[in-house]
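**Q** Submitted below is the structure of interest, expressed as structure tokens.
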Amino acid sequence: MNAPEALQLGLHKSMPAERYHSIAAMSAGGLKRMRMSPAHFYGLQMDPERPRSGDPTPAMKAGTLFHVALFEPDALATRYVIKPEGMSFASKDGKAWRDAQPAGVDIIDADALAKAKTQARNVRADADIAALMADGFAESSAFWLDDHTGELCKCRPDWTSPAGDGVVLVDGKSCPDASQEGFGRTAWNMGYLHTAAWYVDGFEAATGQKVLGYVFAAVEHDWPHVAAPYMVPDDVLDKARSENRRLLDLYAECRRTGVWPGYSSGVSLLQLPAWAQRQMEHA
């Protein structure tokens, strides 16, 4: 897949999110769907008969609000408006107020904004994160062609901080447990480590700059919104990088052949989870 004529490869510091998401290219989210199966990727991203994407869930909206509060606080006033306390959109006045808001502005409760600001403040209270975010830029978009497959690829780092002869990438994550073990479990289950490797390799390919570190700025959903930073070790990046390579090659092969397999071909033996096997052994 070659880049569209209107798209310049490399780093775009001011590309709107809507434009970035509209460009068909392999991304960290696409690789996550490929890990499920090529059939999932095709069905969710390419099938012309796929259902229309639904509205963002409350959790997704809360995560976006936190990101804006942390990385683009000056944009809060233009992207969000506070719903007056006690107002009901079922009432005539409530409907009129809602309909009078500018297009593209999200209506939120005061409590949601207060929560996001507290999360952002707690993340920035860490001296290392504060130092990284003292200089740099948010929400840049990087595009490159994969050397091995020729496929167009993309990533959009939350924050890019200059560091010596390279950069450090910062990824903000709202999570249920920001402890070392708790966030490590979340990072594994949610595929964050593969995302980190994709962003490191992609940013370097798109810009020619060395990524010296990938740091998660984790903060808990619930009060008191405790935060903690974590850098992804090089050996973990290497393992995730190998899996990304396999999936990108598989994606290119599926595009070439037009075949997008699911979990398996033919009838397979049912495989029980480990806990069920242990129960059967002791029955």
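Residues are named by chain letter and number: chains run A, B, ... in the order of the structure tokens, numbers start at 1 in each chain, and ligands are numbered from 1 in the order shown.
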If DSSP is run on the backbone, what residues of stretch 140-194 of chain A are alpha helix (DSSP H)? A reply as a PyMOL selection string would be ideal.

**A** chain A and resi 180-189+192-194

**Q** Per residue of stretch 23-129 of chain A within 12 Å of stretch 160-181 of chain A, note the shortest atom pair and the distance in Å to one decimal, counting only C-alpha atoms, and order the rows by chain and increasing residue number, as CSV.

**A**
residue,atom,partner,partner_atom,distance
A:Ala59,CA,A:Ser174,CA,9.6
A:Met60,CA,A:Ser174,CA,10.1
A:Lys61,CA,A:Ser174,CA,11.5
A:Ala62,CA,A:Ser174,CA,8.8
A:Gly63,CA,A:Ser174,CA,6.4
A:Thr64,CA,A:Ser174,CA,9.6
A:Leu65,CA,A:Ser174,CA,10.4
A:Phe66,CA,A:Ser174,CA,7.6
A:His67,CA,A:Gly172,CA,6.6
A:Val68,CA,A:Gly172,CA,10.1
A:Ala69,CA,A:Gly172,CA,10.6
A:Leu70,CA,A:Gly172,CA,7.9
A:Phe71,CA,A:Gly172,CA,8.5
A:Glu72,CA,A:Gly172,CA,11.9
A:Lys115,CA,A:Ser174,CA,11.3
A:Ala116,CA,A:Ser174,CA,9.7
A:Thr118,CA,A:Ser174,CA,11.9
A:Gln119,CA,A:Ser174,CA,8.3
A:Ala120,CA,A:Gly172,CA,9.2
A:Asn122,CA,A:Ser174,CA,11.7
A:Val123,CA,A:Gly172,CA,8.7
A:Arg124,CA,A:Gly172,CA,10.8
A:Asp128,CA,A:Val170,CA,11.1
A:Ile129,CA,A:Val170,CA,8.4

**Q** Using only C-alpha atoms, which of A:Phe143, A:Trp198, A:Phe137, A:Tyr263 sits nearest A:His21?

**A** A:Phe143

**Q** Tell me, counting only C-alpha atoms, for each residue of stretch 32-124 of chain A within 10 Å of stretch 232-249 of chain A, which pair of atoms is nearest and how far apart they are in Å to one decimal, in rows ordered by chain and increasing number, as JSON lines.

**A**
{"residue": "A:Lys32", "atom": "CA", "partner": "A:Leu247", "partner_atom": "CA", "distance": 9.1}
{"residue": "A:Arg33", "atom": "CA", "partner": "A:Leu247", "partner_atom": "CA", "distance": 9.8}
{"residue": "A:Met34", "atom": "CA", "partner": "A:Leu247", "partner_atom": "CA", "distance": 6.5}
{"residue": "A:Arg35", "atom": "CA", "partner": "A:Leu247", "partner_atom": "CA", "distance": 7.1}
{"residue": "A:Ser37", "atom": "CA", "partner": "A:Leu247", "partner_atom": "CA", "distance": 9.6}
{"residue": "A:Pro38", "atom": "CA", "partner": "A:Leu247", "partner_atom": "CA", "distance": 9.1}

**Q** Let me see the file: selected residues, N, CA and C atoms, as a PDB file, in the first residue's frame.

**A**
ATOM      1  N   LYS A  32      -3.579  -4.839  16.817  1.00  0.00           N
ATOM      2  CA  LYS A  32      -4.316  -5.486  17.907  1.00  0.00           C
ATOM      3  C   LYS A  32      -5.445  -6.343  17.348  1.00  0.00           C
ATOM      4  N   ARG A  33      -6.115  -5.858  16.307  1.00  0.00           N
ATOM      5  CA  ARG A  33      -7.176  -6.648  15.678  1.00  0.00           C
ATOM      6  C   ARG A  33      -6.592  -7.829  14.912  1.00  0.00           C
ATOM      7  N   MET A  34      -5.417  -7.649  14.307  1.00  0.00           N
ATOM      8  CA  MET A  34      -4.753  -8.766  13.630  1.00  0.00           C
ATOM      9  C   MET A  34      -4.371  -9.849  14.631  1.00  0.00           C
ATOM     10  N   ARG A  35      -4.031  -9.487  15.859  1.00  0.00           N
ATOM     11  CA  ARG A  35      -3.704 -10.481  16.875  1.00  0.00           C
ATOM     12  C   ARG A  35      -4.925 -11.336  17.200  1.00  0.00           C
ATOM     13  N   SER A  37      -7.406 -12.069  14.960  1.00  0.00           N
ATOM     14  CA  SER A  37      -7.344 -12.886  13.745  1.00  0.00           C
ATOM     15  C   SER A  37      -7.436 -11.942  12.559  1.00  0.00           C
ATOM     16  N   PRO A  38      -6.917 -12.339  11.396  1.00  0.00           N
ATOM     17  CA  PRO A  38      -7.111 -11.503  10.209  1.00  0.00           C
ATOM     18  C   PRO A  38      -8.589 -11.264   9.892  1.00  0.00           C
TER      19      PRO A  38
END

**Q** Name the closest residue to A:Phe216 among the candidates A:Met46, A:Ala196, A:Leu272, A:Ala28; distances are taken between atoms, counting only C-alpha atoms.

**A**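 That would be A:Ala196, the residue with the smallest distance to A:Phe216.
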
**Q** Calculate how many Å separate atom CA of A:Ala39 from atom CA of A:Trp260, rounding to one decimal.

**A**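 Here the two named atoms are 4.9 Å from each other.
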
**Q** Between stretch 147-239 of chain A and stretch 251-257 of chain A, at 9 Å or less, what are the per-residue closest atom pairs and their distances in Å? Count only C-alpha atoms, order by chain and rising residue number, and return it as CSV.

**A**
residue,atom,partner,partner_atom,distance
A:Thr149,CA,A:Ala252,CA,6.4
A:Gly150,CA,A:Ala252,CA,8.5
A:Glu151,CA,A:Ala252,CA,7.1

**Q** Find the distance between atom CA of A:Glu204 and atom CA of A:Ala125 and write it in Å to one decimal.

**A**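 Answer for the atom CA of A:Glu204 to atom CA of A:Ala125 separation: 29.0 Å.
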
**Q** For A:Val200, work out the shell of residues within 9 Å, counting only C-alpha atoms and skipping chain neighbours fewer than 6 positions away, then give it as a JSON list (two decimals) with N, CA and C atoms, in the first residue's frame.

**A**
[["chain", "number", "residue", "atom", "x", "y", "z"],
["A", 169, "LEU", "N", 9.09, 9.27, 24.19],
["A", 169, "LEU", "CA", 7.66, 9.30, 23.95],
["A", 169, "LEU", "C", 6.92, 9.00, 25.25],
["A", 210, "LYS", "N", 16.17, 8.98, 16.95],
["A", 210, "LYS", "CA", 16.23, 7.85, 17.86],
["A", 210, "LYS", "C", 15.25, 8.06, 19.00],
["A", 211, "VAL", "N", 14.45, 7.04, 19.29],
["A", 211, "VAL", "CA", 13.57, 7.08, 20.46],
["A", 211, "VAL", "C", 14.34, 6.45, 21.63],
["A", 212, "LEU", "N", 14.66, 7.27, 22.59],
["A", 212, "LEU", "CA", 15.51, 6.84, 23.71],
["A", 212, "LEU", "C", 14.72, 6.17, 24.82],
["A", 213, "GLY", "N", 13.41, 6.32, 24.81],
["A", 213, "GLY", "CA", 12.60, 5.69, 25.85],
["A", 213, "GLY", "C", 11.12, 5.86, 25.57],
["A", 214, "TYR", "N", 10.34, 4.90, 26.06],
["A", 214, "TYR", "CA", 8.88, 4.97, 25.95],
["A", 214, "TYR", "C", 8.33, 4.88, 27.36],
["A", 237, "LEU", "N", 10.39, -4.55, 24.67],
["A", 237, "LEU", "CA", 10.17, -3.95, 23.35],
["A", 237, "LEU", "C", 10.60, -4.90, 22.24]]

**Q** Between A:Val259, A:Val267, A:Leu9, A:Ala112, which one has atoms that come closest to A:Pro58, using only C-alpha atoms?

**A**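 Smallest separation from A:Pro58 among the options: A:Ala112.
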
**Q** With DSSP run on the backbone, what are the strand (DSSP E or B) residues within stretch 58-228 of chain A? I'd like them as JSON, numbers by chain.

**A** {"A": [80, 81, 82, 106, 107, 108, 137, 138, 141, 142, 143, 144, 145, 152, 153, 154, 155, 159, 160, 161, 162, 163, 166, 167, 168, 169, 170, 171, 172, 173, 174, 175, 210, 211, 212, 213, 214, 215, 216, 217, 218, 219, 220, 227, 228]}
